[in-house]
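**Student:** Contents of target_24.txt (compact mmCIF, C-alpha atoms and all ligand atoms) are below:
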# COMPACT_ATOMS: atom_id res chain seq x y z
CA MET U 242 0.00 0.00 0.00
CA SER U 243 1.43 3.36 -1.01
CA LYS U 244 1.64 6.52 1.03
CA ILE U 245 -1.57 8.25 2.13
CA ALA U 246 -1.89 11.99 2.80
CA ILE U 247 -4.29 13.32 5.42
CA MET U 248 -4.74 17.05 5.36
CA GLY U 249 -6.69 19.77 7.11
CA ALA U 250 -6.59 23.55 6.92
CA MET U 251 -6.25 24.46 10.58
CA PRO U 252 -4.29 22.98 13.51
CA GLU U 253 -7.56 21.96 15.20
CA GLU U 254 -8.41 19.78 12.21
CA VAL U 255 -5.25 17.66 12.32
CA ALA U 256 -4.65 17.63 16.10
CA PRO U 257 -7.08 14.73 16.74
CA ILE U 258 -5.33 12.72 14.00
CA LEU U 259 -1.85 13.34 15.42
CA GLU U 260 -3.14 12.49 18.89
CA LYS U 261 -4.39 9.14 17.66
CA LEU U 262 -1.07 8.34 15.98
CA GLY U 263 0.98 9.27 19.04
CA GLN U 264 4.38 9.08 17.37
CA TYR U 265 5.41 10.87 14.22
CA LYS U 266 8.34 12.60 12.58
CA THR U 267 8.02 16.35 11.93
CA THR U 268 9.58 17.99 8.86
CA GLU U 269 9.36 21.69 8.03
CA TYR U 270 8.91 22.42 4.35
CA ALA U 271 7.78 25.54 2.44
CA GLY U 272 6.45 27.22 5.56
CA ASN U 273 4.42 24.28 6.88
CA LYS U 274 5.00 21.32 9.16
CA TYR U 275 4.54 17.83 7.71
CA TYR U 276 4.08 14.90 10.06
CA GLU U 277 5.08 11.42 8.92
CA ALA U 278 4.06 8.21 10.63
CA THR U 279 3.59 4.53 9.94
CA TYR U 280 0.06 3.37 10.68
CA ASN U 281 -1.00 -0.27 10.35
CA GLY U 282 2.04 -0.81 8.14
CA VAL U 283 1.24 2.11 5.83
CA GLU U 284 3.12 5.38 5.56
CA LEU U 285 1.10 8.51 6.27
CA VAL U 286 1.90 12.16 5.75
CA ILE U 287 -0.25 14.62 7.66
CA ALA U 288 -0.40 18.42 7.57
CA TYR U 289 -2.59 21.44 8.00
CA SER U 290 -2.17 23.90 5.17
CA LYS U 291 -3.38 27.18 6.72
CA ILE U 292 -6.67 28.63 5.52
CA GLY U 293 -7.70 29.23 1.91
CA LYS U 294 -7.25 28.03 -1.64
CA VAL U 295 -3.64 29.12 -2.14
CA PHE U 296 -2.22 27.55 1.02
CA SER U 297 -4.23 24.36 0.50
CA THR U 298 -2.97 24.13 -3.08
CA LEU U 299 0.62 24.41 -1.85
CA THR U 300 0.14 21.74 0.80
CA ALA U 301 -1.71 19.26 -1.40
CA THR U 302 0.95 19.65 -4.10
CA THR U 303 3.75 19.25 -1.56
CA MET U 304 2.21 16.11 -0.08
CA ILE U 305 2.03 14.55 -3.52
CA GLU U 306 5.15 15.86 -5.27
CA HIS U 307 7.57 16.11 -2.35
CA PHE U 308 6.32 13.45 0.08
CA GLY U 309 5.05 11.01 -2.56
CA ALA U 310 1.45 10.59 -1.39
CA LYS U 311 -0.64 8.46 -3.76
CA LYS U 312 -4.05 9.09 -2.13
CA LEU U 313 -5.32 12.11 -0.24
CA LEU U 314 -8.01 12.46 2.41
CA PHE U 315 -9.11 15.86 3.72
CA SER U 316 -10.69 16.33 7.14
CA GLY U 317 -12.22 19.58 8.31
CA VAL U 318 -15.22 21.76 9.08
CA ALA U 319 -17.63 23.65 6.83
CA GLY U 320 -20.58 25.97 6.75
CA ALA U 321 -23.92 24.36 5.86
CA ILE U 322 -25.96 25.57 2.91
CA SER U 323 -28.56 22.80 2.93
CA SER U 324 -30.99 23.44 5.77
CA SER U 325 -31.00 19.73 6.59
CA LEU U 326 -27.32 19.89 7.60
CA LYS U 327 -26.86 20.73 11.28
CA VAL U 328 -23.76 21.42 13.37
CA GLY U 329 -21.74 18.20 13.73
CA ASP U 330 -23.27 16.52 10.65
CA LEU U 331 -20.86 14.97 8.19
CA ILE U 332 -20.79 15.63 4.45
CA VAL U 333 -18.73 13.78 1.86
CA ALA U 334 -18.00 15.77 -1.28
CA THR U 335 -19.13 14.14 -4.52
CA LYS U 336 -17.74 17.09 -6.51
CA LEU U 337 -16.36 20.52 -5.73
CA SER U 338 -16.35 23.94 -7.32
CA GLN U 339 -14.72 27.36 -6.75
CA HIS U 340 -17.58 29.74 -6.02
CA ASP U 341 -15.39 32.86 -6.18
CA LEU U 342 -13.87 32.10 -9.59
CA ASP U 343 -15.55 34.59 -11.89
CA ILE U 344 -14.76 35.41 -15.52
CA THR U 345 -18.45 35.61 -16.35
CA ALA U 346 -17.73 38.93 -18.11
CA PHE U 347 -16.48 36.76 -21.00
CA GLY U 348 -19.63 34.64 -21.10
CA HIS U 349 -18.26 31.74 -19.04
CA PRO U 350 -20.21 30.21 -16.17
CA TYR U 351 -19.22 30.93 -12.57
CA GLY U 352 -16.44 28.61 -11.38
CA PHE U 353 -15.05 28.08 -14.87
CA VAL U 354 -11.83 29.07 -16.61
CA PRO U 355 -10.78 27.82 -20.08
CA GLU U 356 -9.20 24.35 -19.89
CA GLY U 357 -10.64 23.93 -16.42
CA ALA U 358 -14.02 22.61 -15.31
CA VAL U 359 -16.79 23.99 -13.10
CA TYR U 360 -16.71 20.83 -10.94
CA VAL U 361 -14.00 18.34 -10.00
CA GLU U 362 -15.27 14.91 -8.98
CA ALA U 363 -13.97 13.09 -5.92
CA ASP U 364 -12.89 9.44 -6.06
CA LYS U 365 -15.94 7.19 -6.34
CA GLY U 366 -14.21 4.24 -4.72
CA MET U 367 -13.50 6.17 -1.52
CA ILE U 368 -17.04 7.60 -1.48
CA LYS U 369 -18.29 4.02 -1.62
CA LEU U 370 -16.00 3.03 1.26
CA SER U 371 -17.33 5.97 3.27
CA LYS U 372 -20.79 4.38 3.23
CA GLU U 373 -19.34 1.26 4.82
CA VAL U 374 -17.53 3.39 7.42
CA ALA U 375 -20.74 5.25 8.21
CA SER U 376 -22.66 2.04 8.70
CA ASP U 377 -19.83 0.52 10.82
CA MET U 378 -19.87 3.63 13.01
CA GLY U 379 -23.65 3.89 13.07
CA LYS U 380 -23.42 7.43 11.72
CA SER U 381 -25.27 9.09 8.94
CA VAL U 382 -23.15 10.81 6.34
CA VAL U 383 -24.62 12.73 3.44
CA GLU U 384 -23.06 13.06 0.01
CA GLY U 385 -23.21 16.46 -1.59
CA ILE U 386 -21.59 19.22 -3.58
CA ILE U 387 -19.10 21.45 -1.79
CA ALA U 388 -18.35 25.00 -2.93
CA THR U 389 -15.01 26.56 -2.06
CA GLY U 390 -13.85 30.17 -2.02
CA ASP U 391 -11.48 32.55 -0.28
CA GLN U 392 -14.26 33.96 1.90
CA PHE U 393 -15.64 33.06 5.31
CA VAL U 394 -19.32 33.21 4.37
CA ALA U 395 -21.45 34.70 7.14
CA ASN U 396 -24.22 36.06 4.99
CA GLU U 397 -27.54 34.49 4.07
CA ASP U 398 -27.70 36.09 0.60
CA ARG U 399 -24.22 34.98 -0.39
CA LYS U 400 -24.84 31.51 1.00
CA ASN U 401 -28.11 31.17 -0.91
CA TRP U 402 -26.52 32.42 -4.10
CA ILE U 403 -23.73 29.82 -3.81
CA GLY U 404 -26.29 27.13 -3.03
CA LYS U 405 -28.32 27.99 -6.08
CA GLU U 406 -25.54 28.67 -8.58
CA PHE U 407 -23.54 25.53 -7.72
CA SER U 408 -26.30 23.28 -6.29
CA ALA U 409 -23.97 23.18 -3.30
CA ASP U 410 -24.86 21.69 0.08
CA ALA U 411 -21.91 23.08 2.07
CA LEU U 412 -19.16 25.63 1.65
CA GLU U 413 -15.63 26.04 2.90
CA MET U 414 -12.27 27.47 1.83
CA GLU U 415 -9.99 24.63 0.67
CA GLY U 416 -11.79 21.65 -0.86
CA ALA U 417 -11.98 22.64 -4.52
CA SER U 418 -8.35 23.75 -4.70
CA VAL U 419 -7.20 20.43 -3.22
CA ALA U 420 -9.49 18.71 -5.72
CA VAL U 421 -7.92 20.56 -8.67
CA VAL U 422 -4.42 19.55 -7.55
CA CYS U 423 -5.33 15.89 -7.01
CA ASP U 424 -7.20 15.70 -10.29
CA ALA U 425 -4.31 17.23 -12.24
CA LEU U 426 -1.82 14.85 -10.61
CA SER U 427 -4.10 11.78 -10.87
CA VAL U 428 -4.26 11.25 -7.11
CA PRO U 429 -7.60 9.88 -5.86
CA PHE U 430 -9.01 12.15 -3.16
CA PHE U 431 -11.74 12.17 -0.52
CA ILE U 432 -13.05 15.32 1.15
CA LEU U 433 -15.00 15.11 4.38
CA ARG U 434 -16.36 18.03 6.38
CA ALA U 435 -18.27 18.27 9.64
CA ILE U 436 -20.60 21.24 9.88
CA SER U 437 -19.44 24.03 12.23
CA ASP U 438 -21.97 26.73 11.28
CA ALA U 439 -24.75 27.71 8.89
CA ALA U 440 -22.81 30.37 6.93
CA ASP U 441 -25.30 32.96 8.21
CA MET U 442 -24.96 36.04 10.39
CA ASP U 443 -24.19 33.86 13.44
CA ALA U 444 -21.55 31.85 11.57
CA SER U 445 -18.47 33.24 13.31
CA PHE U 446 -19.91 32.59 16.77
CA SER U 447 -21.08 29.11 15.81
CA PHE U 448 -17.71 28.39 14.21
CA ASP U 449 -15.80 29.40 17.36
CA GLU U 450 -18.08 27.32 19.53
CA PHE U 451 -18.11 24.15 17.42
CA LEU U 452 -14.77 24.12 15.56
CA GLU U 453 -13.13 21.69 17.96
CA THR U 454 -16.00 19.22 18.38
CA SER U 455 -16.82 19.22 14.67
CA ALA U 456 -13.13 18.82 13.77
CA VAL U 457 -12.99 15.76 16.04
CA GLU U 458 -16.11 14.29 14.40
CA SER U 459 -14.52 14.66 10.99
CA ALA U 460 -11.08 13.38 12.08
CA GLU U 461 -12.54 10.25 13.71
CA PHE U 462 -14.41 9.43 10.54
CA VAL U 463 -11.39 10.06 8.34
CA MET U 464 -9.19 7.76 10.44
CA LYS U 465 -11.79 5.00 10.03
CA MET U 466 -11.70 5.77 6.30
CA VAL U 467 -7.93 5.30 6.36
CA ASP U 468 -8.45 1.88 8.00
CA LYS U 469 -10.86 0.93 5.21
CA VAL U 470 -8.61 2.25 2.45
CA ILE U 471 -5.71 0.21 3.87
CA ALA U 472 -7.86 -2.93 4.14
CA ASP U 473 -9.43 -2.42 0.69
N1 LIG U 501 -11.46 31.54 13.10
C1 LIG U 501 -10.36 31.43 12.19
C2 LIG U 501 -10.79 31.62 10.76
C3 LIG U 501 -11.61 30.47 10.24
S1 LIG U 501 -11.94 30.56 8.55
C4 LIG U 501 -9.30 32.44 12.59
O1 LIG U 501 -9.63 33.50 13.05
O2 LIG U 501 -8.14 32.12 12.41
C5 LIG U 501 -13.02 29.19 8.36
C6 LIG U 501 -12.37 27.81 8.16
O3 LIG U 501 -13.34 26.80 8.36
C7 LIG U 501 -11.86 27.58 6.76
O4 LIG U 501 -10.74 26.71 6.80
C8 LIG U 501 -13.04 26.94 6.02
O5 LIG U 501 -12.66 25.87 5.19
C9 LIG U 501 -13.98 26.43 7.11
N2 LIG U 501 -15.31 27.05 7.19
C10 LIG U 501 -16.21 26.76 8.18
N3 LIG U 501 -17.32 27.51 8.06
C11 LIG U 501 -17.15 28.31 6.98
C12 LIG U 501 -17.93 29.34 6.38
N4 LIG U 501 -19.10 29.69 6.88
N5 LIG U 501 -17.43 29.97 5.29
C13 LIG U 501 -16.23 29.62 4.78
N6 LIG U 501 -15.44 28.68 5.33
C14 LIG U 501 -15.87 28.01 6.42
Spit out the file's structure as C-alpha cells when you get a sec.
**Tutor:**
Amino acid sequence: MSKIAIMGAMPEEVAPILEKLGQYKTTEYAGNKYYEATYNGVELVIAYSKIGKVFSTLTATTMIEHFGAKKLLFSGVAGAISSSLKVGDLIVATKLSQHDLDITAFGHPYGFVPEGAVYVEADKGMIKLSKEVASDMGKSVVEGIIATGDQFVANEDRKNWIGKEFSADALEMEGASVAVVCDALSVPFFILRAISDAADMDASFSFDEFLETSAVESAEFVMKMVDKVIAD
C-alpha cells in the first residue's frame, strides 16, 4: 500500500489525528509542518495547510510531489448551505467547485476558466468506502456538492446564491483547490467536512463554539476511512 496523505486547513483539524497516531516525525517544508508516521504498516503524511485556496494548493501539491502521497483524504469543518445539515453533521463531497472564480464577463459560467471545469469529482471508490464506514460507526453521512472560495461566508444572501448557482450543500475554503491539484496529478481524493456553522450572520460565533467538536467528528471518521482504504 502506497503513502496516504491526510490534510486539514487548521491545527484543530489535524490535532485529533496526530493524537491518535501518538508518534510521528516532523519535517518543516515551504512554511508548513509535515508529520510522517507509519500506521497499520502504511506510511502517512499529515499536515494542515493554513486557511484558503492558495495555502491548501501548496500543501496538497507538496504532499504529492515532495512526500510522494498516492491518495489524499481531507478532514475539516464547513458551513452548511442545505438546511437539513446541522452542526456536527458529516458531508462527503461528490464534486467541488470554486464559487469565487468569476470570468463571467467573457460569457463563461461561474467557477469556470478555459481548460478547467466547473466541478471536479472526488474518487468514487473512496465515497463508496465511506458508506461502509458510516454504517460501521452507526453514523449518517450525506453526500453532496461542496463550494469553495477565499471567503468566510457569514451572509444568508451569499450563502443562498452559492447554493443555487452551484447546487452546493456546504461551503468552505480549501476543498476545490485540493481537488484541482489531485485531479491534475491523478491522485484519488476524498473530502469530508463536519458542519461548524450555517454560513449565516451567526456563523463566526457558531464556528468558534463548534470548531473543535466538529473537527474531532470529521477526524474520527477520516481515520476510520484510512483503516478501510488500507484494508481495501
Ligand atoms: N477563526 C479562524 C478563521 C476560520 S476561517 C481564525 O480567526 O483564524 C473558516 C475555516 O473553516 C476555513 O478553513 C473553512 O474551510 C472552514 N469554514 C467553516 N465555516 C465556513 C464558512 N461559513 N465559510 C467559509 N469557510 C468556512
**Student:** Dig up all the protein and nucleic acid residues within 10 Å of (-0.4, 33.0, 9.5) in the file frame, using only C-alpha atoms, and format them as a list of chain:residue names.
**Tutor:**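 Every polymer residue passing the test: U:Gly272, U:Lys291, U:Ile292.
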**Student:** Once you count all atoms listed in the file, which residues end up within 8 Å of ligand LIG 501 (chain U), and could you hand them over as an MDAnalysis selection string?
**Tutor:** chainID U and resid 250:251 291:293 317:321 389:395 412:416 436:441 444:445 448:449 452
**Student:** What does the distance between CA of Glu284 (chain U) and CA of Ile332 (chain U) come to in Å, to one decimal place?
**Tutor:**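 Distance between the two atoms: 26.0 Å.
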**Student:** Could you tell me how far CA of Leu433 (chain U) sits from CA of Gly263 (chain U), in Å to one decimal place?
**Tutor:**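 Value for the CA of Gly263 (chain U)-CA of Leu433 (chain U) distance: 22.5 Å.
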**Student:** Please report as a Markdown table every residue of region 340-383 of chain U lying within 10 Å of region 417-423 of chain U, along with the nearest atom pair and their distance in Å (one decimal), using only C-alpha atoms.
**Tutor:**
| residue | atom | partner | partner_atom | distance |
| --- | --- | --- | --- | --- |
| U:His340 | CA | U:Ala417 | CA | 9.2 |
| U:Gly357 | CA | U:Val421 | CA | 8.9 |
| U:Ala358 | CA | U:Val421 | CA | 9.2 |
| U:Val359 | CA | U:Ala417 | CA | 9.9 |
| U:Tyr360 | CA | U:Ala417 | CA | 8.2 |
| U:Val361 | CA | U:Ala420 | CA | 6.2 |
| U:Glu362 | CA | U:Ala420 | CA | 7.6 |
| U:Ala363 | CA | U:Ala420 | CA | 7.2 |
| U:Asp364 | CA | U:Ala420 | CA | 9.9 |
**Student:** Between CA of Glu356 (chain U) and CA of Phe407 (chain U), what is the spacing in Å?
**Tutor:** 18.8 Å
**Student:** Taking 3 positions as the minimum chain separation for residues in the same chain, which residues sit within 12 Å of Leu314 (chain U) when counting all atoms listed in the file? Answer as a ChimeraX atom specification.
**Tutor:** /U:244-249,255,258,285-289,301,304-305,310-311,317,333-334,363-364,367-368,371,416,419-420,423,428-434,459-460,462-468,470
**Student:** Which residues, written as a PyMOL selection string, have at least one atom at most 10 Å from Lys266 (chain U), with all atoms listed in the file counted and residues fewer than 4 positions away on the same chain left out?
**Tutor:** chain U and resi 274-279+286
**Student:** Find, counting all atoms listed in the file, the residue in U:Gly329, U:Asp398, U:Glu406, U:Ala271 that gets nearest to Pro350 (chain U).
**Tutor:**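 Of all the options, U:Glu406 lies closest to Pro350 (chain U).
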**Student:** Restricting the calculation to all atoms listed in the file, which member of U:Glu461, U:Asp341, U:Asp424, U:Glu254 is positioned closest to Val374 (chain U)?
**Tutor:** U:Glu461
**Student:** Which one is closest to Ala411 (chain U): U:Thr303, U:Ser338, U:Ser243, U:Ser447? Count only C-alpha atoms.
**Tutor:**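 Between U:Thr303, U:Ser338, U:Ser243, U:Ser447, the residue approaching Ala411 (chain U) most closely is U:Ser338.
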**Student:** Go through U:Phe315, U:Tyr270, U:Phe446, U:Trp402 and flag the residue nearest Ala388 (chain U), using all atoms listed in the file for the distances.
**Tutor:**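 Checking each of U:Phe315, U:Tyr270, U:Phe446, U:Trp402 against Ala388 (chain U), counting all atoms listed in the file, the winner is U:Trp402.
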**Student:** In terms of the shortest atom-to-atom distance over all atoms listed in the file, which of U:Asp410, U:Glu397, U:Glu373, U:Glu450 is closest to Lys469 (chain U)?
**Tutor:** U:Glu373
**Student:** Please supply region 351-385 of chain U, rebuilt with N, CA and C atoms, as a tab-separated table (two decimals), in the coordinates of the input.
**Tutor:**
chain	number	residue	atom	x	y	z
U	351	TYR	N	-19.96	30.79	-13.82
U	351	TYR	CA	-19.22	30.93	-12.57
U	351	TYR	C	-18.44	29.64	-12.30
U	352	GLY	N	-17.24	29.78	-11.76
U	352	GLY	CA	-16.44	28.61	-11.38
U	352	GLY	C	-15.65	28.00	-12.53
U	353	PHE	N	-15.70	28.66	-13.69
U	353	PHE	CA	-15.05	28.08	-14.87
U	353	PHE	C	-13.95	28.97	-15.41
U	354	VAL	N	-12.82	28.38	-15.77
U	354	VAL	CA	-11.83	29.07	-16.61
U	354	VAL	C	-11.50	28.13	-17.78
U	355	PRO	N	-11.11	28.68	-18.93
U	355	PRO	CA	-10.78	27.82	-20.08
U	355	PRO	C	-9.77	26.74	-19.69
U	356	GLU	N	-10.00	25.55	-20.17
U	356	GLU	CA	-9.20	24.35	-19.89
U	356	GLU	C	-9.38	23.83	-18.47
U	357	GLY	N	-10.29	24.46	-17.72
U	357	GLY	CA	-10.64	23.93	-16.42
U	357	GLY	C	-12.03	23.34	-16.50
U	358	ALA	N	-12.65	23.13	-15.34
U	358	ALA	CA	-14.02	22.61	-15.31
U	358	ALA	C	-14.72	23.24	-14.11
U	359	VAL	N	-16.04	23.39	-14.21
U	359	VAL	CA	-16.79	23.99	-13.10
U	359	VAL	C	-16.68	23.09	-11.86
U	360	TYR	N	-16.76	21.77	-12.06
U	360	TYR	CA	-16.71	20.83	-10.94
U	360	TYR	C	-15.55	19.85	-11.11
U	361	VAL	N	-14.96	19.45	-10.00
U	361	VAL	CA	-14.00	18.34	-10.00
U	361	VAL	C	-14.60	17.23	-9.14
U	362	GLU	N	-14.64	16.03	-9.69
U	362	GLU	CA	-15.27	14.91	-8.98
U	362	GLU	C	-14.30	14.18	-8.07
U	363	ALA	N	-14.78	13.86	-6.88
U	363	ALA	CA	-13.97	13.09	-5.92
U	363	ALA	C	-13.97	11.62	-6.32
U	364	ASP	N	-13.05	10.85	-5.73
U	364	ASP	CA	-12.89	9.44	-6.06
U	364	ASP	C	-14.12	8.62	-5.65
U	365	LYS	N	-14.69	7.94	-6.61
U	365	LYS	CA	-15.94	7.19	-6.34
U	365	LYS	C	-15.70	6.00	-5.42
U	366	GLY	N	-14.53	5.40	-5.56
U	366	GLY	CA	-14.21	4.24	-4.72
U	366	GLY	C	-14.19	4.62	-3.24
U	367	MET	N	-13.56	5.76	-2.93
U	367	MET	CA	-13.50	6.17	-1.52
U	367	MET	C	-14.87	6.62	-1.02
U	368	ILE	N	-15.68	7.22	-1.90
U	368	ILE	CA	-17.04	7.60	-1.48
U	368	ILE	C	-17.82	6.34	-1.11
U	369	LYS	N	-17.62	5.28	-1.90
U	369	LYS	CA	-18.29	4.02	-1.62
U	369	LYS	C	-17.83	3.46	-0.26
U	370	LEU	N	-16.52	3.51	-0.03
U	370	LEU	CA	-16.00	3.03	1.26
U	370	LEU	C	-16.57	3.83	2.42
U	371	SER	N	-16.82	5.12	2.18
U	371	SER	CA	-17.33	5.97	3.27
U	371	SER	C	-18.71	5.52	3.73
U	372	LYS	N	-19.47	4.91	2.83
U	372	LYS	CA	-20.79	4.38	3.23
U	372	LYS	C	-20.62	3.22	4.19
U	373	GLU	N	-19.61	2.39	3.91
U	373	GLU	CA	-19.34	1.26	4.82
U	373	GLU	C	-18.88	1.78	6.17
U	374	VAL	N	-18.02	2.81	6.16
U	374	VAL	CA	-17.53	3.39	7.42
U	374	VAL	C	-18.71	3.94	8.21
U	375	ALA	N	-19.59	4.66	7.53
U	375	ALA	CA	-20.74	5.25	8.21
U	375	ALA	C	-21.59	4.17	8.85
U	376	SER	N	-21.80	3.08	8.13
U	376	SER	CA	-22.66	2.04	8.70
U	376	SER	C	-21.93	1.33	9.84
U	377	ASP	N	-20.61	1.10	9.71
U	377	ASP	CA	-19.83	0.52	10.82
U	377	ASP	C	-19.93	1.38	12.07
U	378	MET	N	-19.89	2.69	11.87
U	378	MET	CA	-19.87	3.63	13.01
U	378	MET	C	-21.28	3.98	13.49
U	379	GLY	N	-22.27	3.54	12.73
U	379	GLY	CA	-23.65	3.89	13.07
U	379	GLY	C	-23.92	5.38	12.93
U	380	LYS	N	-23.23	5.98	11.94
U	380	LYS	CA	-23.42	7.43	11.72
U	380	LYS	C	-24.07	7.67	10.38
U	381	SER	N	-24.78	8.77	10.27
U	381	SER	CA	-25.27	9.09	8.94
U	381	SER	C	-24.36	10.15	8.33
U	382	VAL	N	-24.02	9.90	7.08
U	382	VAL	CA	-23.15	10.81	6.34
U	382	VAL	C	-23.86	11.13	5.04
U	383	VAL	N	-23.97	12.41	4.70
U	383	VAL	CA	-24.62	12.73	3.44
U	383	VAL	C	-23.56	12.99	2.37
U	384	GLU	N	-23.93	12.71	1.13
U	384	GLU	CA	-23.06	13.06	0.01
U	384	GLU	C	-23.60	14.36	-0.57
U	385	GLY	N	-22.73	15.22	-1.01
U	385	GLY	CA	-23.21	16.46	-1.59
U	385	GLY	C	-22.11	17.24	-2.29
